[in-house]
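Below is the file target.cif, which contains mmCIF, C-alpha atoms.
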data_protein
#
loop_
_atom_site.label_atom_id
_atom_site.label_comp_id
_atom_site.auth_asym_id
_atom_site.auth_seq_id
_atom_site.Cartn_x
_atom_site.Cartn_y
_atom_site.Cartn_z
CA MET A 1 -26.58 75.37 -65.55
CA ILE A 2 -23.58 75.07 -67.88
CA VAL A 3 -20.18 74.19 -66.45
CA GLY A 4 -16.74 73.65 -67.97
CA SER A 5 -13.88 71.42 -66.84
CA MET A 6 -13.69 71.08 -63.09
CA SER A 7 -11.59 69.62 -60.30
CA GLN A 8 -14.41 68.11 -58.20
CA PRO A 9 -16.26 65.78 -60.58
CA GLN A 10 -18.18 63.86 -57.91
CA ARG A 11 -19.54 67.11 -56.48
CA ILE A 12 -20.71 68.13 -59.95
CA VAL A 13 -22.46 64.79 -60.42
CA GLU A 14 -24.28 65.32 -57.12
CA ILE A 15 -25.38 68.83 -58.13
CA SER A 16 -26.61 67.52 -61.50
CA ARG A 17 -29.12 65.34 -59.64
CA GLN A 18 -30.73 68.49 -58.27
CA PHE A 19 -30.44 70.99 -61.14
CA PRO A 20 -30.52 70.84 -64.97
CA MET A 21 -26.90 70.76 -66.14
CA VAL A 22 -24.75 70.47 -69.26
CA VAL A 23 -20.99 70.03 -68.97
CA ILE A 24 -18.56 71.38 -71.58
CA SER A 25 -15.19 69.83 -72.40
CA ASP A 26 -14.13 67.40 -69.66
CA TYR A 27 -15.96 64.09 -69.72
CA PHE A 28 -16.08 62.06 -66.51
CA SER A 29 -19.51 60.50 -65.94
CA ASP A 30 -22.26 58.75 -67.89
CA GLU A 31 -24.72 60.47 -65.56
CA LEU A 32 -24.04 63.85 -67.16
CA ILE A 33 -24.84 65.48 -70.48
CA THR A 34 -21.44 66.48 -71.83
CA VAL A 35 -20.52 68.46 -74.96
CA CYS A 36 -16.93 67.61 -75.83
CA ILE A 37 -14.46 66.50 -78.46
CA ASP A 38 -12.84 63.10 -78.95
CA ASN A 39 -9.54 63.93 -77.26
CA PHE A 40 -8.05 60.52 -78.01
CA LYS A 41 -8.71 60.84 -81.74
CA ALA A 42 -7.61 64.49 -81.85
CA ALA A 43 -4.25 63.66 -80.25
CA TYR A 44 -3.87 60.57 -82.45
CA ASP A 45 -4.48 62.65 -85.59
CA ALA A 46 -2.08 65.37 -84.42
CA THR A 47 0.69 62.85 -83.86
CA VAL A 48 0.13 61.32 -87.29
CA PHE A 49 0.22 64.83 -88.77
CA LEU A 50 3.64 65.43 -87.22
CA TYR A 51 4.82 62.12 -88.66
CA LYS A 52 3.59 63.17 -92.12
CA CYS A 53 5.58 66.38 -91.69
CA GLY A 54 8.71 64.25 -91.41
CA TYR A 55 9.18 64.20 -87.64
CA ARG A 56 10.17 60.87 -86.05
CA LYS A 57 11.24 61.60 -82.45
CA ILE A 58 8.00 63.14 -81.23
CA ALA A 59 7.85 64.25 -77.60
CA LYS A 60 4.73 65.04 -75.55
CA ILE A 61 3.95 67.59 -72.85
CA THR A 62 0.67 66.61 -71.22
CA GLY A 63 -1.93 68.68 -69.43
CA LYS A 64 -2.94 67.96 -65.84
CA ILE A 65 -2.84 64.19 -65.86
CA GLY A 66 -5.67 63.91 -63.34
CA ALA A 67 -8.07 65.17 -66.02
CA ILE A 68 -9.60 62.56 -68.31
CA LEU A 69 -9.04 64.76 -71.36
CA SER A 70 -5.30 64.86 -70.58
CA GLN A 71 -5.23 61.08 -70.20
CA ASP A 72 -7.06 60.67 -73.51
CA ARG A 73 -4.64 62.99 -75.31
CA LEU A 74 -1.69 61.04 -73.93
CA ARG A 75 -3.26 57.72 -74.95
CA GLY A 76 -3.93 59.02 -78.45
CA TYR A 77 -0.31 60.14 -78.80
CA LYS A 78 1.03 56.78 -77.62
CA MET A 79 -1.30 54.76 -79.82
CA ALA A 80 -0.35 56.79 -82.88
CA LEU A 81 3.36 56.21 -82.23
CA GLU A 82 2.78 52.48 -81.85
CA ASN A 83 0.71 52.26 -85.04
CA LEU A 84 3.34 54.25 -86.92
CA GLY A 85 6.05 51.84 -85.80
CA LEU A 86 7.76 54.41 -83.55
CA ASP A 87 8.97 53.74 -80.02
CA VAL A 88 7.10 55.21 -77.06
CA ASP A 89 10.11 56.66 -75.22
CA GLU A 90 9.17 57.70 -71.68
CA ARG A 91 12.06 60.16 -71.70
CA TYR A 92 10.11 62.11 -74.31
CA ILE A 93 6.98 62.43 -72.14
CA LYS A 94 6.66 65.24 -69.59
CA TYR A 95 3.68 65.92 -67.36
CA GLY A 96 2.46 69.51 -67.48
CA ASP A 97 -0.40 71.68 -66.25
CA PHE A 98 -1.52 73.76 -69.27
CA LYS A 99 0.59 76.82 -68.26
CA TYR A 100 3.06 78.79 -70.38
CA GLU A 101 5.77 78.55 -67.73
CA THR A 102 5.46 74.77 -67.62
CA GLY A 103 5.74 74.43 -71.39
CA TYR A 104 8.88 76.58 -71.28
CA LYS A 105 10.47 74.60 -68.44
CA LEU A 106 9.57 71.13 -69.70
CA ALA A 107 10.67 71.91 -73.27
CA LYS A 108 14.11 72.80 -71.91
CA GLU A 109 14.16 69.45 -70.11
CA LEU A 110 13.14 67.61 -73.27
CA LEU A 111 15.79 69.40 -75.30
CA SER A 112 18.46 68.17 -72.90
CA VAL A 113 17.63 64.53 -73.74
CA LYS A 114 19.95 62.82 -76.23
CA PRO A 115 19.06 62.25 -78.97
CA PHE A 116 16.99 65.43 -79.09
CA PRO A 117 13.32 65.08 -79.97
CA ASP A 118 12.59 66.61 -83.35
CA ALA A 119 9.01 67.59 -82.44
CA ILE A 120 7.10 68.48 -79.29
CA PHE A 121 3.33 68.01 -79.13
CA CYS A 122 1.87 70.09 -76.29
CA SER A 123 -1.58 69.51 -74.84
CA ASN A 124 -2.52 73.17 -75.18
CA ASP A 125 -1.37 76.27 -77.01
CA GLU A 126 -0.06 78.13 -73.96
CA MET A 127 2.45 75.37 -73.25
CA ALA A 128 3.31 75.22 -76.96
CA ILE A 129 4.14 78.93 -76.94
CA GLY A 130 6.32 78.39 -73.88
CA ALA A 131 8.03 75.47 -75.62
CA CYS A 132 8.70 77.63 -78.69
CA ASP A 133 10.31 80.35 -76.58
CA ALA A 134 12.50 77.80 -74.80
CA ALA A 135 13.59 76.20 -78.07
CA LYS A 136 14.46 79.55 -79.63
CA GLU A 137 16.56 80.46 -76.59
CA LEU A 138 18.46 77.19 -76.96
CA GLY A 139 19.16 77.90 -80.63
CA PHE A 140 16.81 75.37 -82.22
CA SER A 141 15.46 76.35 -85.63
CA ILE A 142 11.66 76.04 -85.79
CA PRO A 143 10.31 74.18 -87.75
CA ASP A 144 13.41 72.71 -89.44
CA HIS A 145 15.25 71.35 -86.39
CA LEU A 146 12.18 71.15 -84.17
CA GLY A 147 8.46 71.11 -84.84
CA ILE A 148 6.05 72.31 -82.16
CA MET A 149 2.33 71.64 -82.06
CA GLY A 150 -0.33 72.94 -79.70
CA PHE A 151 -3.96 72.19 -78.97
CA ASP A 152 -7.10 74.39 -78.75
CA ASN A 153 -6.41 77.06 -81.41
CA ILE A 154 -6.62 80.00 -79.03
CA GLU A 155 -6.36 83.42 -80.65
CA LEU A 156 -2.83 83.98 -79.37
CA SER A 157 -1.55 80.90 -81.23
CA SER A 158 -1.82 82.79 -84.54
CA MET A 159 -0.25 86.00 -83.18
CA VAL A 160 3.10 84.80 -81.80
CA THR A 161 6.29 84.08 -83.77
CA PRO A 162 6.32 81.47 -85.10
CA LYS A 163 2.60 81.00 -85.45
CA ILE A 164 1.62 77.75 -83.74
CA THR A 165 0.35 74.69 -85.59
CA THR A 166 -2.53 73.45 -83.48
CA VAL A 167 -5.62 71.29 -83.08
CA HIS A 168 -8.72 73.41 -83.50
CA GLN A 169 -11.27 72.77 -80.77
CA PRO A 170 -14.67 74.20 -81.81
CA ARG A 171 -15.28 76.11 -78.58
CA TYR A 172 -17.96 78.42 -79.97
CA GLU A 173 -19.91 75.50 -81.42
CA MET A 174 -19.50 73.56 -78.16
CA GLY A 175 -20.92 76.45 -76.16
CA LYS A 176 -23.77 76.92 -78.62
CA LEU A 177 -24.74 73.24 -78.52
CA ALA A 178 -24.51 73.15 -74.72
CA ALA A 179 -26.80 76.17 -74.46
CA GLN A 180 -29.31 74.62 -76.88
CA LEU A 181 -29.33 71.35 -74.97
CA LEU A 182 -29.94 73.20 -71.72
CA ILE A 183 -32.78 75.20 -73.28
CA ASN A 184 -34.31 71.95 -74.49
CA ILE A 185 -34.06 70.44 -71.01
CA LEU A 186 -35.70 73.50 -69.44
CA SER A 187 -38.45 73.25 -72.05
CA GLY A 188 -39.26 69.77 -70.79
CA GLU A 189 -37.59 67.79 -73.56
CA GLU A 190 -36.01 64.46 -72.64
CA ILE A 191 -32.30 64.65 -73.48
CA SER A 192 -30.10 61.54 -73.50
CA LYS A 193 -27.19 61.60 -71.09
CA GLY A 194 -23.64 60.95 -72.22
CA LYS A 195 -21.27 62.53 -74.75
CA TYR A 196 -22.20 64.90 -77.57
CA ILE A 197 -18.98 64.89 -79.59
CA LEU A 198 -17.92 67.63 -82.04
CA ASP A 199 -15.17 67.28 -84.62
CA THR A 200 -11.70 68.81 -84.37
CA SER A 201 -9.33 69.79 -87.18
CA ILE A 202 -5.64 70.54 -87.56
CA ILE A 203 -4.53 74.10 -88.33
CA PRO A 204 -1.07 74.01 -89.98
CA ARG A 205 1.08 77.08 -89.28
CA GLU A 206 4.75 78.09 -89.07
CA SER A 207 5.85 75.95 -86.11
CA THR A 208 5.82 72.73 -88.16
CA ARG A 209 6.98 71.75 -91.62
CA ASN A 210 4.35 71.60 -94.34
CA ALA A 211 2.95 68.06 -94.44
CA ASN A 212 1.98 68.48 -98.09
CA MET A 213 5.61 69.07 -99.03
CA THR A 214 7.07 66.19 -97.01
CA LYS A 215 7.05 62.55 -98.04
#
Would you encode the structure as structure tokens?
Amino acid sequence: MIVGSMSQPQRIVEISRQFPMVVISDYFSDELITVCIDNFKAAYDATVFLYKCGYRKIAKITGKIGAILSQDRLRGYKMALENLGLDVDERYIKYGDFKYETGYKLAKELLSVKPFPDAIFCSNDEMAIGACDAAKELGFSIPDHLGIMGFDNIELSSMVTPKITTVHQPRYEMGKLAAQLLINILSGEEISKGKYILDTSIIPRESTRNANMTK
């Protein structure tokens, strides 16, 4: 059995004691075999990337904060700001739910804060697209006045205007590894429980300035 992120982690742990199981994405128990990314590091690197692009007032729209991956992405963002010598301003943090409509709504709230943030880092691409639409409606020039960054690298992120700078999550490779681990389990192989972590990367696109051209 292969499962993705879920809202009833304890129930999944109980089921895993009865059936072979590999979890993809959301990590919540040492009892499970989980294929995932390092969400803390990915968010940390994304925040540093925005800094290298010249942004200094970096806001954050989280995913569902009850999910460990959302908590890790928020922690990575905050730690990066602290290490870069930037303030963690709670006015620049909004708690979302991974939906386009939420990104749109919360971006409008962020862009009513004075001084305006000059970048918004969203915890997924759908919210980033919503944030872009809100910013354009309010007359912000992207990426000059406002940079916007997403997470996941879904196909749509490269099809909208502007194309969304994002964190690439290797979903195909995660699924492939999860399937192989499950096959190995069913073949009788002893597989260690815990995290199997794959690397992420940053995909620069039109919604942020070019880091290579910014001091």
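Minimum distance to Thr34 in chain A across A:Leu181, A:Gly85, A:Gly130, A:Lys163 (counting only C-alpha atoms) occurs at A:Leu181.
Across the model, the gap from CA of Lys114 in chain A to CA of Arg73 in chain A is 24.6 Å.
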Item to check | Which residue of A:Ile24, A:Cys36, A:Ala59, A:Val13 approaches Phe116 in chain A most closely, using all atoms listed in the file | outcome: A:Ala59
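Straight-line separation from CA of Asn210 in chain A to CA of Glu82 in chain A: 22.9 Å.
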Next on the checklist: Residues near Val88 in chain A, anyone? I mean within 12 Å using only C-alpha atoms, not counting same-chain ones fewer than 2 positions away, as JSON, numbers by chain.
Outcome noted: {"A": [56, 57, 58, 59, 60, 74, 75, 76, 77, 78, 79, 80, 81, 82, 83, 84, 85, 86, 90, 91, 92, 93]}
Residues of the last selection are to be written out with C-alpha atoms, as an mmCIF file, in the coordinates of the input.
data_model
loop_
_atom_site.group_PDB
_atom_site.id
_atom_site.type_symbol
_atom_site.label_atom_id
_atom_site.label_comp_id
_atom_site.auth_asym_id
_atom_site.auth_seq_id
_atom_site.Cartn_x
_atom_site.Cartn_y
_atom_site.Cartn_z
ATOM 1 C CA ARG A 56 10.170 60.870 -86.050
ATOM 2 C CA LYS A 57 11.240 61.600 -82.450
ATOM 3 C CA ILE A 58 8.000 63.140 -81.230
ATOM 4 C CA ALA A 59 7.850 64.250 -77.600
ATOM 5 C CA LYS A 60 4.730 65.040 -75.550
ATOM 6 C CA LEU A 74 -1.690 61.040 -73.930
ATOM 7 C CA ARG A 75 -3.260 57.720 -74.950
ATOM 8 C CA GLY A 76 -3.930 59.020 -78.450
ATOM 9 C CA TYR A 77 -0.310 60.140 -78.800
ATOM 10 C CA LYS A 78 1.030 56.780 -77.620
ATOM 11 C CA MET A 79 -1.300 54.760 -79.820
ATOM 12 C CA ALA A 80 -0.350 56.790 -82.880
ATOM 13 C CA LEU A 81 3.360 56.210 -82.230
ATOM 14 C CA GLU A 82 2.780 52.480 -81.850
ATOM 15 C CA ASN A 83 0.710 52.260 -85.040
ATOM 16 C CA LEU A 84 3.340 54.250 -86.920
ATOM 17 C CA GLY A 85 6.050 51.840 -85.800
ATOM 18 C CA LEU A 86 7.760 54.410 -83.550
ATOM 19 C CA GLU A 90 9.170 57.700 -71.680
ATOM 20 C CA ARG A 91 12.060 60.160 -71.700
ATOM 21 C CA TYR A 92 10.110 62.110 -74.310
ATOM 22 C CA ILE A 93 6.980 62.430 -72.140
#
Checklist entry - the PyMOL selection byres ((chain A and resi 156) around 12) on the file shown: which residues, as a ChimeraX atom specification? => result /A:100,124-129,150-155,157-166
Next on the checklist: Could you check which residues have any atom within 12 Å of (5.4, 68.6, -66.2), counting all atoms listed in the file with coordinates taken straight from the file, and then list them as a VMD selection string?
Outcome noted: chain A and resid 60 to 65 92 to 110 122 to 123 127 131
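If you look at CA of Pro204 in chain A and CA of Leu69 in chain A, they are 22.3 Å away from each other.
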Work out where the centre of an axis-aligned box around every listed atom of range 119-128 of chain A lies and how long its edges are once 5 Å is added on each side; give both in Å to one decimal as lines of an AutoDock Vina configuration file.
center_x = 3.2
center_y = 72.9
center_z = -77.8
size_x = 21.5
size_y = 20.5
size_z = 19.2
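Taking only C-alpha atoms into account, Cys132 in chain A lies nearest to A:Thr208 out of the set A:Thr208, A:Tyr27, A:Glu173, A:Thr47.
Of the listed residues (A:Ala67, A:Ile142, A:Ala119, A:Leu32), A:Leu32 comes nearest to Phe19 in chain A; the distances count only C-alpha atoms.
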Checklist entry - Got a sec to resolve the PyMOL selection byres ((chain A and resi 28) around 8) on this structure and send the residues as a list in words? => result Pro9, Asp26, Tyr27, Ser29, Asp30 and Ile68 of chain A
Next on the checklist: Using only C-alpha atoms - which residues lie no farther than 7 Å from the point (-8.0, 70.1, -83.6) in the file's frame? Write them as an MDAnalysis selection string.
Outcome noted: chainID A and resid 42 151:152 166:169 200:202
Checklist entry - Quick one: residues within 9 Å of Ile191 in chain A, all atoms listed in the file counted, chain neighbours fewer than 4 positions away excluded, as a list in words? => result Ile33, Leu181, Asn184 and Ile185 of chain A
